[in-house]
Amino acid sequence: MQTTSDEVLIGRIAGGDRLAMQVLFARHHVRVYRFVLRMVRNEATAEDLISEVFLDVWRQAEKFEGRSAVSTWMLSIARFKALSALRRRGEEELDDETAAAIEDHADDPEVALAKKDKGAALRQCLTRLSAEHREIIDLVYYHEKSVEEVAGIVGIPEATVKTRMFYARKKLSELLKEQGIDRGWP
Amino acid sequence: MNTANEDGRSEIEDLLPWHAAGTLNPREAQSVQAALASDPELARRYELVREELAQTIHLNETLGAPSPRAMAALFAKIDAEPVRSAAPSINLAARIREFFASLSPRTLAWSAGAAALAIVLQAAVIGGIVLKEQSAGSYQTASVSGSASGEGAYALIRFQPQASAAEVTNFLETNKLSIASGPAAGGLYRVRIAATKLPAADLDRRVQSLQSDKVVGFIAPTD
C-alpha cells in the first residue's frame, strides 16, 4: 500500500481538496496539539490553536515551496500561533525561577515518589524547564527534528540550537540534583 | 584527556541528542558511533541522553489528544472560506513529486522492491520468532498461560535502522525477549521482557541494560 506523501497532500489542498485536508489533519493533529499544549499549558487554548494552525495550512498551501518537511512547516506555524496566544493572554513565558516556584512541590508525596523513580523524576523536571528549554527538548526528542529543522522552526542559527540544547540538558541535570539525583554530568 | 580531545568530545557530545533521536546524517552518525565505541565516558553520557529521550516521549505521550471539537471547528471554518478555483495551482515541485508518485519506472520499482523485500524479510524473521515462542511456550511461566493475557513486563523498542534481521534475532534471543505487537508508527515494537509484572525500579534497570545494545535505537518501559 502506498501512502500519499505530505507534500502531495499539500499540493491537493492547494487545489481545494477537502479530503486531502482531512488526511493531513488525521496524520498530524495529535503531535501539533501536544507541541502547542506544552507551550500554552491549557487544553482548550491548544484545541482552538490547532484548528487555527490547520486553517493556515489550508489557506497557505499554495505558497508551500517544499523547502522543509510539511511537519516542520506546520510546527513553525503552530509555534507562531502559540506565542501570539500567550502574548494575547498576557502570560509571557515564565522565567525559570517563577516556573520553579509555581511547580515546586518540595515535600509532597509525588516528589518523594519521584526520588525513588528516576524516570518519574526526570519527567517532573522536564515540566519544570523554561518554555525555551521545553520547546527545544520536545522538538529534538519527541518531534524528531534535525538541527537544521529546529533552527528553521525556532528562527535561530544552527550553532545556537546546539548551545540551547546543551543548556536545556544542563538545567535538567541541575533540577534532578535538587531532587537528590546526581547524574555526574555536566 | 588533552584539550584537543576534549574539544573533539564536546563537538561529538553536542550531537548526542540528535544521534539518539536518529536525525543525524549518515556521516555524522558514523562519527558519533565511532567516538562512542572508543570513549567510555562519552558512552556513559550518551546513556543520559537516551534516558532523556525516553522520558520526553513518555511525557508527551501522556498529554492525550484533542477532542473531535477541534476538527469540527476547523472544517466549519474551511466551509466558510471562499470556494477555490477548480483548477488546482500546484507548485512545480509538488507536480514533479505527484508525477513520479503516479509512475512506476523500472529503477524506482527495483529499489522499492528491494526495500520492500528487506522489510518483509525482517518482518518474517520477527514474526517467526513470535510464532516460535508462542508455539513453544518460551519465556512463559505457569502463571502466564497465554500471550494475550496481558500479564508480564513490557517495553517499547525501536531498532537501529542499520541493524540487520540476524542481529535483531540474536538480540531478542539472547535477552529472552518476545515481540508482543508492532511495528507501530515510528517503527516501534512492544516487546515482553518478563513473563510477570516487575516492580518499576526493576523494569527500569532491565530497560537500561538493554539500552546499551547496538541494535537498540530507542527503548522505554510501557504497560
# chains A, B, ... in the order shown; residues from 1 in each chain; ligands from 1
>>> residues_around(residues="B:Ala194", least_positions_apart="3", cutoff="9 Å", atoms="only C-alpha atoms", output="ChimeraX atom specification")
/B:139-140,152-154,176-178,197-198,203
>>> residues_around(residues="A:Arg123", least_positions_apart="2", cutoff="8 Å", atoms="only C-alpha atoms", output="NGL selection string")
(:A and (119-121 or 125-127)) or (:B and (55-56 or 58-59))
>>> residues_around(residues="A:Ser84", least_positions_apart="4", cutoff="12 Å", atoms="only C-alpha atoms", output="tab-separated table (two decimals) with N, CA and C atoms, in the first residue's frame")
chain	number	residue	atom	x	y	z
A	36	VAL	N	1.77	22.38	20.90
A	36	VAL	CA	1.14	23.63	21.33
A	36	VAL	C	0.78	23.57	22.82
A	39	MET	N	3.39	24.38	25.13
A	39	MET	CA	3.73	25.81	25.16
A	39	MET	C	2.69	26.61	25.93
A	40	VAL	N	1.41	26.40	25.65
A	40	VAL	CA	0.37	27.25	26.26
A	40	VAL	C	-0.17	26.68	27.57
A	45	THR	N	-7.22	26.11	25.00
A	45	THR	CA	-6.48	27.02	24.11
A	45	THR	C	-5.76	26.22	23.03
A	49	LEU	N	-6.15	26.50	19.03
A	49	LEU	CA	-5.00	26.85	18.21
A	49	LEU	C	-4.75	25.86	17.09
A	52	GLU	N	-6.72	26.66	14.19
A	52	GLU	CA	-6.16	27.85	13.51
A	52	GLU	C	-4.93	27.46	12.69
A	77	ILE	N	4.28	27.17	12.08
A	77	ILE	CA	3.01	27.91	12.18
A	77	ILE	C	2.45	27.78	13.60
A	78	ALA	N	2.51	26.55	14.13
A	78	ALA	CA	1.96	26.28	15.47
A	78	ALA	C	2.70	27.11	16.53
A	79	ARG	N	4.00	27.18	16.39
A	79	ARG	CA	4.80	27.94	17.35
A	79	ARG	C	4.40	29.41	17.33
A	80	PHE	N	4.26	29.95	16.10
A	80	PHE	CA	3.88	31.35	15.96
A	80	PHE	C	2.51	31.60	16.60
A	88	ARG	N	-1.37	37.48	23.74
A	88	ARG	CA	-2.74	37.98	23.89
A	88	ARG	C	-3.22	37.75	25.31
A	89	ARG	N	-2.87	36.61	25.85
A	89	ARG	CA	-3.35	36.23	27.18
A	89	ARG	C	-2.62	37.00	28.27
A	90	GLY	N	-1.58	37.71	27.84
A	90	GLY	CA	-0.81	38.46	28.83
A	90	GLY	C	-0.01	37.55	29.73
A	91	GLU	N	0.24	36.33	29.22
A	91	GLU	CA	1.03	35.40	30.03
A	91	GLU	C	2.33	35.11	29.31
A	92	GLU	N	3.20	36.08	29.35
A	92	GLU	CA	4.50	35.89	28.71
A	92	GLU	C	5.19	34.69	29.34
A	93	GLU	N	6.12	34.17	28.62
A	93	GLU	CA	6.81	32.97	29.12
A	93	GLU	C	7.34	33.22	30.53
>>> residues_around(residues="B:Ile157", least_positions_apart="5", cutoff="9 Å", atoms="only C-alpha atoms", output="list of chain:residue names")
B:Gly187, B:Leu188, B:Tyr189, B:Arg190, B:Val191, B:Val216, B:Gly217, B:Phe218, B:Ile219, B:Ala220, B:Pro221
>>> residues_around(residues="A:Ile181", least_positions_apart="3", cutoff="12 Å", atoms="only C-alpha atoms", output="PDB file with N, CA and C atoms, in the first residue's frame")
ATOM      1  N   VAL A 111       6.775  14.106  44.904  1.00  0.00           N
ATOM      2  CA  VAL A 111       8.223  14.315  44.828  1.00  0.00           C
ATOM      3  C   VAL A 111       8.950  13.181  45.546  1.00  0.00           C
ATOM      4  N   ALA A 114       8.991  10.440  43.308  1.00  0.00           N
ATOM      5  CA  ALA A 114       9.873  10.708  42.171  1.00  0.00           C
ATOM      6  C   ALA A 114      11.320  10.418  42.513  1.00  0.00           C
ATOM      7  N   LYS A 115      11.674  10.663  43.770  1.00  0.00           N
ATOM      8  CA  LYS A 115      13.054  10.403  44.168  1.00  0.00           C
ATOM      9  C   LYS A 115      13.381   8.923  44.031  1.00  0.00           C
ATOM     10  N   LYS A 116      12.365   8.103  44.234  1.00  0.00           N
ATOM     11  CA  LYS A 116      12.587   6.663  44.122  1.00  0.00           C
ATOM     12  C   LYS A 116      12.592   6.229  42.662  1.00  0.00           C
ATOM     13  N   ASP A 117      11.832   6.902  41.846  1.00  0.00           N
ATOM     14  CA  ASP A 117      11.691   6.512  40.456  1.00  0.00           C
ATOM     15  C   ASP A 117      12.368   7.569  39.589  1.00  0.00           C
ATOM     16  N   LYS A 118      13.521   7.217  39.059  1.00  0.00           N
ATOM     17  CA  LYS A 118      14.308   8.200  38.307  1.00  0.00           C
ATOM     18  C   LYS A 118      13.556   8.709  37.066  1.00  0.00           C
ATOM     19  N   GLY A 119      12.841   7.796  36.420  1.00  0.00           N
ATOM     20  CA  GLY A 119      12.093   8.197  35.228  1.00  0.00           C
ATOM     21  C   GLY A 119      11.045   9.233  35.548  1.00  0.00           C
ATOM     22  N   ALA A 120      10.311   9.007  36.636  1.00  0.00           N
ATOM     23  CA  ALA A 120       9.269   9.954  37.036  1.00  0.00           C
ATOM     24  C   ALA A 120       9.904  11.288  37.426  1.00  0.00           C
ATOM     25  N   ALA A 121      11.056  11.224  38.085  1.00  0.00           N
ATOM     26  CA  ALA A 121      11.741  12.453  38.488  1.00  0.00           C
ATOM     27  C   ALA A 121      12.164  13.244  37.250  1.00  0.00           C
ATOM     28  N   LEU A 122      12.659  12.526  36.269  1.00  0.00           N
ATOM     29  CA  LEU A 122      13.097  13.173  35.024  1.00  0.00           C
ATOM     30  C   LEU A 122      11.905  13.844  34.333  1.00  0.00           C
ATOM     31  N   CYS A 125      10.974  16.969  36.133  1.00  0.00           N
ATOM     32  CA  CYS A 125      11.934  18.045  35.851  1.00  0.00           C
ATOM     33  C   CYS A 125      11.721  18.612  34.446  1.00  0.00           C
ATOM     34  N   LEU A 172      18.302  20.542  33.191  1.00  0.00           N
ATOM     35  CA  LEU A 172      17.623  19.311  33.602  1.00  0.00           C
ATOM     36  C   LEU A 172      18.442  18.576  34.668  1.00  0.00           C
ATOM     37  N   SER A 173      19.747  18.506  34.456  1.00  0.00           N
ATOM     38  CA  SER A 173      20.619  17.855  35.431  1.00  0.00           C
ATOM     39  C   SER A 173      20.588  18.589  36.766  1.00  0.00           C
ATOM     40  N   GLU A 174      20.552  19.920  36.696  1.00  0.00           N
ATOM     41  CA  GLU A 174      20.517  20.717  37.938  1.00  0.00           C
ATOM     42  C   GLU A 174      19.218  20.464  38.700  1.00  0.00           C
ATOM     43  N   LEU A 175      18.116  20.411  37.953  1.00  0.00           N
ATOM     44  CA  LEU A 175      16.821  20.160  38.610  1.00  0.00           C
ATOM     45  C   LEU A 175      16.796  18.775  39.247  1.00  0.00           C
ATOM     46  N   LEU A 176      17.400  17.804  38.550  1.00  0.00           N
ATOM     47  CA  LEU A 176      17.458  16.449  39.111  1.00  0.00           C
ATOM     48  C   LEU A 176      18.314  16.425  40.373  1.00  0.00           C
ATOM     49  N   LYS A 177      19.382  17.193  40.353  1.00  0.00           N
ATOM     50  CA  LYS A 177      20.272  17.248  41.507  1.00  0.00           C
ATOM     51  C   LYS A 177      19.522  17.803  42.719  1.00  0.00           C
ATOM     52  N   GLU A 178      18.662  18.801  42.468  1.00  0.00           N
ATOM     53  CA  GLU A 178      17.841  19.355  43.559  1.00  0.00           C
ATOM     54  C   GLU A 178      16.961  18.275  44.175  1.00  0.00           C
ATOM     55  N   GLY A 184      26.122  13.028  37.511  1.00  0.00           N
ATOM     56  CA  GLY A 184      27.550  13.103  37.210  1.00  0.00           C
ATOM     57  C   GLY A 184      27.829  13.835  35.915  1.00  0.00           C
ATOM     58  N   TRP A 185      26.900  14.672  35.505  1.00  0.00           N
ATOM     59  CA  TRP A 185      27.078  15.482  34.296  1.00  0.00           C
ATOM     60  C   TRP A 185      26.256  16.744  34.425  1.00  0.00           C
TER      61      TRP A 185
END
>>> decode(residues="stretch 125-174 of chain A", atoms="N, CA and C atoms", output="PDB file, in the first residue's frame")
ATOM      1  N   CYS A 125      10.974  16.969  36.133  1.00  0.00           N
ATOM      2  CA  CYS A 125      11.934  18.045  35.851  1.00  0.00           C
ATOM      3  C   CYS A 125      11.721  18.612  34.446  1.00  0.00           C
ATOM      4  N   LEU A 126      11.325  17.754  33.512  1.00  0.00           N
ATOM      5  CA  LEU A 126      11.058  18.231  32.146  1.00  0.00           C
ATOM      6  C   LEU A 126       9.930  19.266  32.140  1.00  0.00           C
ATOM      7  N   THR A 127       8.952  19.091  33.035  1.00  0.00           N
ATOM      8  CA  THR A 127       7.847  20.059  33.089  1.00  0.00           C
ATOM      9  C   THR A 127       8.282  21.356  33.772  1.00  0.00           C
ATOM     10  N   ARG A 128       9.379  21.301  34.495  1.00  0.00           N
ATOM     11  CA  ARG A 128       9.830  22.494  35.222  1.00  0.00           C
ATOM     12  C   ARG A 128      10.824  23.333  34.423  1.00  0.00           C
ATOM     13  N   LEU A 129      11.189  22.881  33.245  1.00  0.00           N
ATOM     14  CA  LEU A 129      12.104  23.669  32.418  1.00  0.00           C
ATOM     15  C   LEU A 129      11.414  24.941  31.934  1.00  0.00           C
ATOM     16  N   SER A 130      12.209  25.943  31.566  1.00  0.00           N
ATOM     17  CA  SER A 130      11.638  27.162  30.984  1.00  0.00           C
ATOM     18  C   SER A 130      10.985  26.805  29.646  1.00  0.00           C
ATOM     19  N   ALA A 131      10.123  27.705  29.160  1.00  0.00           N
ATOM     20  CA  ALA A 131       9.425  27.447  27.888  1.00  0.00           C
ATOM     21  C   ALA A 131      10.430  27.225  26.754  1.00  0.00           C
ATOM     22  N   GLU A 132      11.491  28.011  26.751  1.00  0.00           N
ATOM     23  CA  GLU A 132      12.508  27.918  25.699  1.00  0.00           C
ATOM     24  C   GLU A 132      13.196  26.536  25.727  1.00  0.00           C
ATOM     25  N   HIS A 133      13.499  26.086  26.927  1.00  0.00           N
ATOM     26  CA  HIS A 133      14.168  24.791  27.055  1.00  0.00           C
ATOM     27  C   HIS A 133      13.215  23.629  26.788  1.00  0.00           C
ATOM     28  N   ARG A 134      11.968  23.756  27.247  1.00  0.00           N
ATOM     29  CA  ARG A 134      10.964  22.703  26.963  1.00  0.00           C
ATOM     30  C   ARG A 134      10.817  22.538  25.459  1.00  0.00           C
ATOM     31  N   GLU A 135      10.736  23.683  24.803  1.00  0.00           N
ATOM     32  CA  GLU A 135      10.498  23.675  23.360  1.00  0.00           C
ATOM     33  C   GLU A 135      11.595  22.916  22.614  1.00  0.00           C
ATOM     34  N   ILE A 136      12.846  23.217  22.942  1.00  0.00           N
ATOM     35  CA  ILE A 136      13.926  22.581  22.170  1.00  0.00           C
ATOM     36  C   ILE A 136      14.040  21.093  22.496  1.00  0.00           C
ATOM     37  N   ILE A 137      13.820  20.756  23.762  1.00  0.00           N
ATOM     38  CA  ILE A 137      13.851  19.329  24.138  1.00  0.00           C
ATOM     39  C   ILE A 137      12.753  18.570  23.384  1.00  0.00           C
ATOM     40  N   ASP A 138      11.556  19.138  23.345  1.00  0.00           N
ATOM     41  CA  ASP A 138      10.440  18.475  22.649  1.00  0.00           C
ATOM     42  C   ASP A 138      10.716  18.340  21.156  1.00  0.00           C
ATOM     43  N   LEU A 139      11.228  19.410  20.551  1.00  0.00           N
ATOM     44  CA  LEU A 139      11.471  19.373  19.103  1.00  0.00           C
ATOM     45  C   LEU A 139      12.502  18.308  18.737  1.00  0.00           C
ATOM     46  N   VAL A 140      13.531  18.201  19.562  1.00  0.00           N
ATOM     47  CA  VAL A 140      14.611  17.251  19.237  1.00  0.00           C
ATOM     48  C   VAL A 140      14.202  15.819  19.572  1.00  0.00           C
ATOM     49  N   TYR A 141      13.687  15.624  20.792  1.00  0.00           N
ATOM     50  CA  TYR A 141      13.435  14.256  21.251  1.00  0.00           C
ATOM     51  C   TYR A 141      12.076  13.705  20.805  1.00  0.00           C
ATOM     52  N   TYR A 142      11.049  14.528  20.851  1.00  0.00           N
ATOM     53  CA  TYR A 142       9.709  13.992  20.551  1.00  0.00           C
ATOM     54  C   TYR A 142       9.318  14.196  19.088  1.00  0.00           C
ATOM     55  N   HIS A 143       9.634  15.385  18.568  1.00  0.00           N
ATOM     56  CA  HIS A 143       9.219  15.659  17.188  1.00  0.00           C
ATOM     57  C   HIS A 143      10.290  15.269  16.176  1.00  0.00           C
ATOM     58  N   GLU A 144      11.439  14.759  16.698  1.00  0.00           N
ATOM     59  CA  GLU A 144      12.495  14.197  15.856  1.00  0.00           C
ATOM     60  C   GLU A 144      12.959  15.166  14.774  1.00  0.00           C
ATOM     61  N   LYS A 145      13.229  16.399  15.194  1.00  0.00           N
ATOM     62  CA  LYS A 145      13.678  17.410  14.242  1.00  0.00           C
ATOM     63  C   LYS A 145      15.206  17.534  14.275  1.00  0.00           C
ATOM     64  N   SER A 146      15.779  17.665  13.087  1.00  0.00           N
ATOM     65  CA  SER A 146      17.236  17.794  12.976  1.00  0.00           C
ATOM     66  C   SER A 146      17.663  19.181  13.457  1.00  0.00           C
ATOM     67  N   VAL A 147      18.972  19.371  13.569  1.00  0.00           N
ATOM     68  CA  VAL A 147      19.494  20.683  13.980  1.00  0.00           C
ATOM     69  C   VAL A 147      18.971  21.760  13.020  1.00  0.00           C
ATOM     70  N   GLU A 148      19.058  21.475  11.742  1.00  0.00           N
ATOM     71  CA  GLU A 148      18.637  22.436  10.719  1.00  0.00           C
ATOM     72  C   GLU A 148      17.139  22.739  10.832  1.00  0.00           C
ATOM     73  N   GLU A 149      16.357  21.708  11.057  1.00  0.00           N
ATOM     74  CA  GLU A 149      14.909  21.907  11.156  1.00  0.00           C
ATOM     75  C   GLU A 149      14.537  22.708  12.401  1.00  0.00           C
ATOM     76  N   VAL A 150      15.191  22.414  13.518  1.00  0.00           N
ATOM     77  CA  VAL A 150      14.914  23.176  14.743  1.00  0.00           C
ATOM     78  C   VAL A 150      15.262  24.645  14.508  1.00  0.00           C
ATOM     79  N   ALA A 151      16.408  24.875  13.843  1.00  0.00           N
ATOM     80  CA  ALA A 151      16.824  26.248  13.553  1.00  0.00           C
ATOM     81  C   ALA A 151      15.740  26.965  12.742  1.00  0.00           C
ATOM     82  N   GLY A 152      15.169  26.255  11.780  1.00  0.00           N
ATOM     83  CA  GLY A 152      14.120  26.845  10.947  1.00  0.00           C
ATOM     84  C   GLY A 152      12.857  27.136  11.729  1.00  0.00           C
ATOM     85  N   ILE A 153      12.469  26.212  12.603  1.00  0.00           N
ATOM     86  CA  ILE A 153      11.228  26.388  13.365  1.00  0.00           C
ATOM     87  C   ILE A 153      11.362  27.517  14.388  1.00  0.00           C
ATOM     88  N   VAL A 154      12.467  27.510  15.118  1.00  0.00           N
ATOM     89  CA  VAL A 154      12.630  28.481  16.213  1.00  0.00           C
ATOM     90  C   VAL A 154      13.170  29.819  15.697  1.00  0.00           C
ATOM     91  N   GLY A 155      13.813  29.794  14.524  1.00  0.00           N
ATOM     92  CA  GLY A 155      14.341  31.034  13.966  1.00  0.00           C
ATOM     93  C   GLY A 155      15.657  31.454  14.605  1.00  0.00           C
ATOM     94  N   ILE A 156      16.523  30.491  14.846  1.00  0.00           N
ATOM     95  CA  ILE A 156      17.847  30.780  15.424  1.00  0.00           C
ATOM     96  C   ILE A 156      18.907  30.032  14.612  1.00  0.00           C
ATOM     97  N   PRO A 157      20.181  30.484  14.689  1.00  0.00           N
ATOM     98  CA  PRO A 157      21.230  29.772  13.937  1.00  0.00           C
ATOM     99  C   PRO A 157      21.422  28.343  14.457  1.00  0.00           C
ATOM    100  N   GLU A 158      21.975  27.496  13.597  1.00  0.00           N
ATOM    101  CA  GLU A 158      22.168  26.086  13.975  1.00  0.00           C
ATOM    102  C   GLU A 158      23.090  25.939  15.185  1.00  0.00           C
ATOM    103  N   ALA A 159      24.128  26.806  15.245  1.00  0.00           N
ATOM    104  CA  ALA A 159      25.051  26.732  16.393  1.00  0.00           C
ATOM    105  C   ALA A 159      24.294  27.028  17.696  1.00  0.00           C
ATOM    106  N   THR A 160      23.355  27.963  17.612  1.00  0.00           N
ATOM    107  CA  THR A 160      22.568  28.320  18.806  1.00  0.00           C
ATOM    108  C   THR A 160      21.651  27.168  19.208  1.00  0.00           C
ATOM    109  N   VAL A 161      21.174  26.433  18.215  1.00  0.00           N
ATOM    110  CA  VAL A 161      20.328  25.268  18.514  1.00  0.00           C
ATOM    111  C   VAL A 161      21.097  24.298  19.407  1.00  0.00           C
ATOM    112  N   LYS A 162      22.351  24.022  19.014  1.00  0.00           N
ATOM    113  CA  LYS A 162      23.157  23.071  19.790  1.00  0.00           C
ATOM    114  C   LYS A 162      23.454  23.626  21.180  1.00  0.00           C
ATOM    115  N   THR A 163      23.783  24.911  21.246  1.00  0.00           N
ATOM    116  CA  THR A 163      24.076  25.526  22.549  1.00  0.00           C
ATOM    117  C   THR A 163      22.844  25.490  23.445  1.00  0.00           C
ATOM    118  N   ARG A 164      21.695  25.840  22.851  1.00  0.00           N
ATOM    119  CA  ARG A 164      20.467  25.872  23.664  1.00  0.00           C
ATOM    120  C   ARG A 164      20.105  24.485  24.172  1.00  0.00           C
ATOM    121  N   MET A 165      20.318  23.500  23.322  1.00  0.00           N
ATOM    122  CA  MET A 165      20.038  22.121  23.739  1.00  0.00           C
ATOM    123  C   MET A 165      20.960  21.727  24.886  1.00  0.00           C
ATOM    124  N   PHE A 166      22.222  22.134  24.784  1.00  0.00           N
ATOM    125  CA  PHE A 166      23.173  21.817  25.856  1.00  0.00           C
ATOM    126  C   PHE A 166      22.703  22.445  27.174  1.00  0.00           C
ATOM    127  N   TYR A 167      22.298  23.715  27.138  1.00  0.00           N
ATOM    128  CA  TYR A 167      21.888  24.375  28.382  1.00  0.00           C
ATOM    129  C   TYR A 167      20.562  23.822  28.914  1.00  0.00           C
ATOM    130  N   ALA A 168      19.690  23.404  28.006  1.00  0.00           N
ATOM    131  CA  ALA A 168      18.431  22.782  28.456  1.00  0.00           C
ATOM    132  C   ALA A 168      18.741  21.496  29.221  1.00  0.00           C
ATOM    133  N   ARG A 169      19.671  20.712  28.684  1.00  0.00           N
ATOM    134  CA  ARG A 169      20.043  19.444  29.322  1.00  0.00           C
ATOM    135  C   ARG A 169      20.782  19.696  30.639  1.00  0.00           C
ATOM    136  N   LYS A 170      21.580  20.740  30.640  1.00  0.00           N
ATOM    137  CA  LYS A 170      22.318  21.095  31.860  1.00  0.00           C
ATOM    138  C   LYS A 170      21.327  21.483  32.962  1.00  0.00           C
ATOM    139  N   LYS A 171      20.324  22.275  32.566  1.00  0.00           N
ATOM    140  CA  LYS A 171      19.309  22.692  33.540  1.00  0.00           C
ATOM    141  C   LYS A 171      18.561  21.469  34.092  1.00  0.00           C
ATOM    142  N   LEU A 172      18.302  20.542  33.191  1.00  0.00           N
ATOM    143  CA  LEU A 172      17.623  19.311  33.602  1.00  0.00           C
ATOM    144  C   LEU A 172      18.442  18.576  34.668  1.00  0.00           C
ATOM    145  N   SER A 173      19.747  18.506  34.456  1.00  0.00           N
ATOM    146  CA  SER A 173      20.619  17.855  35.431  1.00  0.00           C
ATOM    147  C   SER A 173      20.588  18.589  36.766  1.00  0.00           C
ATOM    148  N   GLU A 174      20.552  19.920  36.696  1.00  0.00           N
ATOM    149  CA  GLU A 174      20.517  20.717  37.938  1.00  0.00           C
ATOM    150  C   GLU A 174      19.218  20.464  38.700  1.00  0.00           C
TER     151      GLU A 174
END
